[in-house]
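Structure, as structure tokens:
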Amino acid sequence: MKAAEDQNQRVDEDAGSGADFNTHSIWYVAQQEPRKMLQRVIVGLVLISCACGENPAVKVILTDKGLQYGKHVGAGWIQERLELVTLPDISGRVLGSIYYTLSGVTITKCDFPEPSVEFYQNITGLKTSVSGLSVAVTGGWMTHFGLIHDGGSFNMALFKLDVTSEVALGKDATGRLSVTSVHCDARLGDVDIQFHGGASWLFNPFVDYFKGHIKSEIVAAICTTVEDHIVELEYHLQDMKVSFDVDENFSFDLPLTGIPIINASSMNLGLKGEFYNIRPHKDPPFEAQPFTVQKQPGYMLSVGLSEFTLNSASFALYSAGLLQIIITDSMIPPNLHVHLNTSCMGPYVPQLPKMFPGLLMDLQIYAREVPMFSFQSGVVKLAIEGAVKAFGIQPNGTRIPLFKLNADSELSGKVWISGGRLKGSVAQDNFTLALVSSEVGTFQTDALERLTKAGLMMGFVKLNAELGHGVVLPRMKNAELVNSVLWMEKGFLAIASDVQVLPAGFN
């Protein structure tokens, strides 16, 4: 960016000025707009990060590449908007008893150097600094001394403003991210002021006299303003949810499990990542296991998802009795050329058409145990222990129990990212049917098992066609994931990605 004019040079009408005042307005632009950016950045991190489990089921790593990208985008956005900001009126007193008001204060020029932001391990937080910031403002002035009123315009410039702020990140008792100002230091090189119109000839000769006081007032107010905005941000974080309702029955718990872990090149956040029934809240009979996501310095962001999260969802569905379905004849695909009635089932269960001729049937299929996911290197496994109860349906609608089978299945799947879409495939590794009980006598299940496998295979062909097309990666309101890769290791899957802020993303 273009360097500021030499601080010893008297500014002209395009520079800025002021007099003895109470200071919050001069630093308003340098903090009000960056504060909004900081809120958005931290809020975005909290949405994917904010717990109370022994081990986190979800891990998020923000690398230095991601931090610097956020800083760069934010700095450019601030630079574009600074000249659109109108500052609050400024009131004060000069020369003892002359009261004044500066109004309509707008920025005419700002040399805003890109700030420096770094992970700061010493305080488990962030260190931000801006050096050489120069701002020129203009506006109107009004004075009154007793019954005498006067007015005109003014220009003021702040030269070589340096600010350093250190903010610690932590976790409160509810698992929300917390921010605390640890240290702030501000230094101002010089202030240059010119008044125009009215009795400005009276004030201008005294600028050098009270300029030092103005300068000290500005410096004193800067860190107070910075800390006030950090406190305000903390209030916003306290209002954020750490548990999200999926529907009226289920919720997703996402509080922090511990304080952020920060080193010189990254920030690591751990989340609980558990699905559960709202009424009642029942903990699963298994716990999240520790896992380690390797940092990917070439990407801005990495997210690790433990198999615990999927299994907690499975447990919640199982506990709510939702892992069951009744299959009727109308649900059988026509191309199978099979119908759910006692006649068509005769080749597989010979006794049926003899004992219960001409009856429609339905099948109650349900999970005997909680289906469990297992992440392994490059593949995800799913073990399902199911059961099938067959019923005959009499003309009056009465259901007659016929037999019960155990149906156990082992599936394997792969997931990958291609062309900005999440894609996958599923394969049947094993499937068995075993007779548990029967009201029609014993029978062999081999033929019925082959029929079921054929039906499942047809279903997988259709499913894999849809999975192969994939779905677009989740997209935030103002940003999207780009250059994303996905891999699976024992116990978890991970995604590494860059982030691209969309046009007008900060508006």
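Note on naming: chains are A, B, ... as they come in the structure tokens, residues start from 1 per chain, ligands start from 1 in the order shown.
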Counting only C-alpha atoms, which residues of stretch 82-175 of chain A sit at most 12 Å from some atom of stretch 243-265 of chain A, and what is each one's closest atom pair with its distance in Å to one decimal, listed by chain and rising residue number, as CSV?
residue,atom,partner,partner_atom,distance
A:Val117,CA,A:Ala264,CA,11.3
A:Glu118,CA,A:Ala264,CA,7.6
A:Phe119,CA,A:Ala264,CA,5.5
A:Tyr120,CA,A:Ala264,CA,6.4
A:Gln121,CA,A:Asn263,CA,5.1
A:Asn122,CA,A:Asn263,CA,8.8
A:Ile123,CA,A:Ile262,CA,8.9
A:Thr124,CA,A:Ile262,CA,5.6
A:Gly125,CA,A:Ile262,CA,6.9
A:Leu126,CA,A:Ile262,CA,9.0
A:Lys127,CA,A:Ala264,CA,11.0
A:Ala168,CA,A:Pro260,CA,9.7
A:Leu169,CA,A:Pro260,CA,6.7
A:Gly170,CA,A:Ile259,CA,4.9
A:Lys171,CA,A:Ile259,CA,5.2
A:Asp172,CA,A:Ile259,CA,8.7
A:Ala173,CA,A:Leu256,CA,9.7
A:Thr174,CA,A:Pro255,CA,7.3
A:Gly175,CA,A:Pro255,CA,4.6
Need to verify the contact set: A:Ser312, 9 Å, only C-alpha atoms, exclusion of same-chain residues closer than 6 positions in sequence. Can you return it as a PyMOL selection string?
chain A and resi 273-276+283-284+286
Considering only C-alpha atoms, return as a ChimeraX atom specification whatever protein or nucleic-acid residues lie within 9 Å of A:Glu234, sequence-local ones (same chain, fewer than 2 positions apart) excluded.
/A:177-180,229-232,236-239
Taking 2 positions as the minimum chain separation for residues in the same chain, which residues sit within 12 Å of A:Ala427 when counting only C-alpha atoms? Answer as a count of residues only.
26
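Neighbours of A:Met488 closer than or equal to 7 Å, with only C-alpha atoms counted and sequence neighbours fewer than 5 positions away skipped, come out as Phe375, Gln376, Ser377, Gly378, Val379, Leu493 and Ala494 of chain A.
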Would you mind exporting the chosen residues as a tab-separated table (two decimals), in the first residue's frame, restricted to N, CA and C atoms?
chain	number	residue	atom	x	y	z
A	375	PHE	N	-14.19	-47.56	11.09
A	375	PHE	CA	-13.31	-46.96	10.09
A	375	PHE	C	-11.97	-47.70	10.09
A	376	GLN	N	-11.54	-48.10	8.91
A	376	GLN	CA	-10.24	-48.72	8.73
A	376	GLN	C	-9.51	-47.99	7.62
A	377	SER	N	-8.29	-48.34	7.40
A	377	SER	CA	-7.50	-47.65	6.39
A	377	SER	C	-8.16	-47.77	5.02
A	378	GLY	N	-8.68	-46.67	4.51
A	378	GLY	CA	-9.24	-46.62	3.18
A	378	GLY	C	-10.65	-47.15	3.05
A	379	VAL	N	-11.25	-47.65	4.12
A	379	VAL	CA	-12.58	-48.26	3.98
A	379	VAL	C	-13.35	-48.13	5.29
A	493	LEU	N	-12.20	-40.80	10.01
A	493	LEU	CA	-11.95	-40.26	8.67
A	493	LEU	C	-11.58	-38.80	8.81
A	494	ALA	N	-10.88	-38.26	7.84
A	494	ALA	CA	-10.41	-36.88	7.92
A	494	ALA	C	-10.54	-36.19	6.57
Which residues are near A:Ser97? Cut-off 10 Å, only C-alpha atoms, ignore same chain within fewer than 4 positions. Put them as a VMD selection string.
chain A and resid 92 to 93 144 to 146
Generate a file of the selected residues that holds all heavy atoms, formatted as a compact mmCIF listing (two decimals), in the first residue's frame.
# COMPACT_ATOMS: atom_id res chain seq x y z
N GLY A 92 -15.59 18.18 22.95
CA GLY A 92 -14.53 18.42 23.91
C GLY A 92 -14.41 19.90 24.25
O GLY A 92 -15.31 20.70 23.96
N ARG A 93 -13.30 20.24 24.84
CA ARG A 93 -13.07 21.62 25.28
C ARG A 93 -11.61 21.97 25.03
O ARG A 93 -10.71 21.16 25.27
CB ARG A 93 -13.39 21.75 26.76
CG ARG A 93 -13.30 23.19 27.27
CD ARG A 93 -13.74 23.26 28.71
NE ARG A 93 -12.86 22.49 29.59
CZ ARG A 93 -13.03 22.39 30.91
NH1 ARG A 93 -14.07 22.98 31.48
NH2 ARG A 93 -12.19 21.68 31.64
N HIS A 144 -18.71 26.98 20.88
CA HIS A 144 -19.45 28.04 21.58
C HIS A 144 -18.68 28.43 22.83
O HIS A 144 -18.12 27.60 23.54
CB HIS A 144 -20.89 27.61 21.90
CG HIS A 144 -20.99 26.55 22.95
ND1 HIS A 144 -20.90 25.21 22.67
CD2 HIS A 144 -21.20 26.64 24.28
CE1 HIS A 144 -21.05 24.51 23.78
NE2 HIS A 144 -21.22 25.36 24.78
N PHE A 145 -18.66 29.76 23.04
CA PHE A 145 -18.01 30.35 24.19
C PHE A 145 -19.02 31.34 24.78
O PHE A 145 -19.19 32.45 24.29
CB PHE A 145 -16.72 31.05 23.78
CG PHE A 145 -16.05 31.78 24.92
CD1 PHE A 145 -15.49 31.09 25.98
CD2 PHE A 145 -15.99 33.18 24.92
CE1 PHE A 145 -14.88 31.78 27.01
CE2 PHE A 145 -15.38 33.86 25.95
CZ PHE A 145 -14.82 33.16 27.00
N GLY A 146 -19.74 30.83 25.77
CA GLY A 146 -20.85 31.63 26.27
C GLY A 146 -21.93 31.71 25.21
O GLY A 146 -22.47 30.70 24.76
Pairwise distance for atom CA of A:Leu502 and atom CA of A:Gln296, rounded to one decimal in Å
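Interatomic distance here is 23.2 Å.
Residues in contact with stretch 338-341 of chain A at up to 9 Å, not including ones fewer than 5 positions away on its chain and judged by only C-alpha atoms, are Ile327, Thr328, Asp329, Ser330, Ile332, Pro333, Gly346, Pro353, Pro357, Gly358, Leu359, Leu360, Met361, Asp362, Leu363, Gly392 and Ile393 of chain A.
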Write out as JSON lines the residues of stretch 483-504 of chain A that have any atom within 12 Å of an atom of stretch 61-64 of chain A, one row each with the nearest atom pair and its distance in Å to one decimal, counting only C-alpha atoms, sorted by chain and then rising number.
{"residue": "A:Ala494", "atom": "CA", "partner": "A:Ile61", "partner_atom": "CA", "distance": 10.7}
{"residue": "A:Ile495", "atom": "CA", "partner": "A:Ile61", "partner_atom": "CA", "distance": 10.4}
{"residue": "A:Ala496", "atom": "CA", "partner": "A:Ile61", "partner_atom": "CA", "distance": 9.1}
{"residue": "A:Ser497", "atom": "CA", "partner": "A:Leu62", "partner_atom": "CA", "distance": 10.2}
{"residue": "A:Asp498", "atom": "CA", "partner": "A:Thr63", "partner_atom": "CA", "distance": 10.1}
{"residue": "A:Val499", "atom": "CA", "partner": "A:Leu62", "partner_atom": "CA", "distance": 10.9}
Please write the residues from the selection above to a file, keeping all heavy atoms, as a PDB file, in the first residue's frame.
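Below you can see again39.pdb, which holds the result:
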ATOM      1  N   ALA A 494     -10.881 -38.256   7.844  1.00  0.00           N
ATOM      2  CA  ALA A 494     -10.407 -36.881   7.924  1.00  0.00           C
ATOM      3  C   ALA A 494     -10.544 -36.192   6.574  1.00  0.00           C
ATOM      4  O   ALA A 494     -10.483 -36.832   5.523  1.00  0.00           O
ATOM      5  CB  ALA A 494      -8.947 -36.840   8.391  1.00  0.00           C
ATOM      6  N   ILE A 495     -10.765 -34.905   6.631  1.00  0.00           N
ATOM      7  CA  ILE A 495     -10.830 -34.060   5.443  1.00  0.00           C
ATOM      8  C   ILE A 495      -9.857 -32.904   5.629  1.00  0.00           C
ATOM      9  O   ILE A 495      -9.848 -32.254   6.676  1.00  0.00           O
ATOM     10  CB  ILE A 495     -12.245 -33.502   5.216  1.00  0.00           C
ATOM     11  CG1 ILE A 495     -13.232 -34.635   4.921  1.00  0.00           C
ATOM     12  CG2 ILE A 495     -12.261 -32.501   4.068  1.00  0.00           C
ATOM     13  CD1 ILE A 495     -14.666 -34.172   4.776  1.00  0.00           C
ATOM     14  N   ALA A 496      -9.025 -32.673   4.638  1.00  0.00           N
ATOM     15  CA  ALA A 496      -8.161 -31.488   4.609  1.00  0.00           C
ATOM     16  C   ALA A 496      -8.634 -30.621   3.451  1.00  0.00           C
ATOM     17  O   ALA A 496      -8.952 -31.132   2.374  1.00  0.00           O
ATOM     18  CB  ALA A 496      -6.697 -31.875   4.433  1.00  0.00           C
ATOM     19  N   SER A 497      -8.689 -29.315   3.684  1.00  0.00           N
ATOM     20  CA  SER A 497      -9.268 -28.452   2.657  1.00  0.00           C
ATOM     21  C   SER A 497      -8.754 -27.032   2.794  1.00  0.00           C
ATOM     22  O   SER A 497      -8.320 -26.607   3.860  1.00  0.00           O
ATOM     23  CB  SER A 497     -10.797 -28.456   2.784  1.00  0.00           C
ATOM     24  OG  SER A 497     -11.396 -27.674   1.776  1.00  0.00           O
ATOM     25  N   ASP A 498      -8.819 -26.318   1.678  1.00  0.00           N
ATOM     26  CA  ASP A 498      -8.677 -24.877   1.714  1.00  0.00           C
ATOM     27  C   ASP A 498     -10.083 -24.265   1.753  1.00  0.00           C
ATOM     28  O   ASP A 498     -11.082 -24.942   1.499  1.00  0.00           O
ATOM     29  CB  ASP A 498      -7.934 -24.370   0.466  1.00  0.00           C
ATOM     30  CG  ASP A 498      -6.460 -24.747   0.499  1.00  0.00           C
ATOM     31  OD1 ASP A 498      -5.900 -24.877   1.605  1.00  0.00           O
ATOM     32  OD2 ASP A 498      -5.867 -24.911  -0.583  1.00  0.00           O
ATOM     33  N   VAL A 499     -10.139 -22.999   2.078  1.00  0.00           N
ATOM     34  CA  VAL A 499     -11.411 -22.283   2.162  1.00  0.00           C
ATOM     35  C   VAL A 499     -11.343 -21.072   1.250  1.00  0.00           C
ATOM     36  O   VAL A 499     -10.319 -20.379   1.207  1.00  0.00           O
ATOM     37  CB  VAL A 499     -11.714 -21.835   3.603  1.00  0.00           C
ATOM     38  CG1 VAL A 499     -13.019 -21.057   3.665  1.00  0.00           C
ATOM     39  CG2 VAL A 499     -11.768 -23.048   4.529  1.00  0.00           C
TER      40      VAL A 499
END
Could you check how far atom CA of A:Ala447 sits from atom CA of A:Tyr348, in Å to one decimal?
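Taking atom CA of A:Ala447 and atom CA of A:Tyr348, their separation equals 6.0 Å.
Nearest residue to A:Lys215, choosing from A:Val242, A:Leu317, A:Ala157, A:Val472 and counting only C-alpha atoms: A:Ala157.
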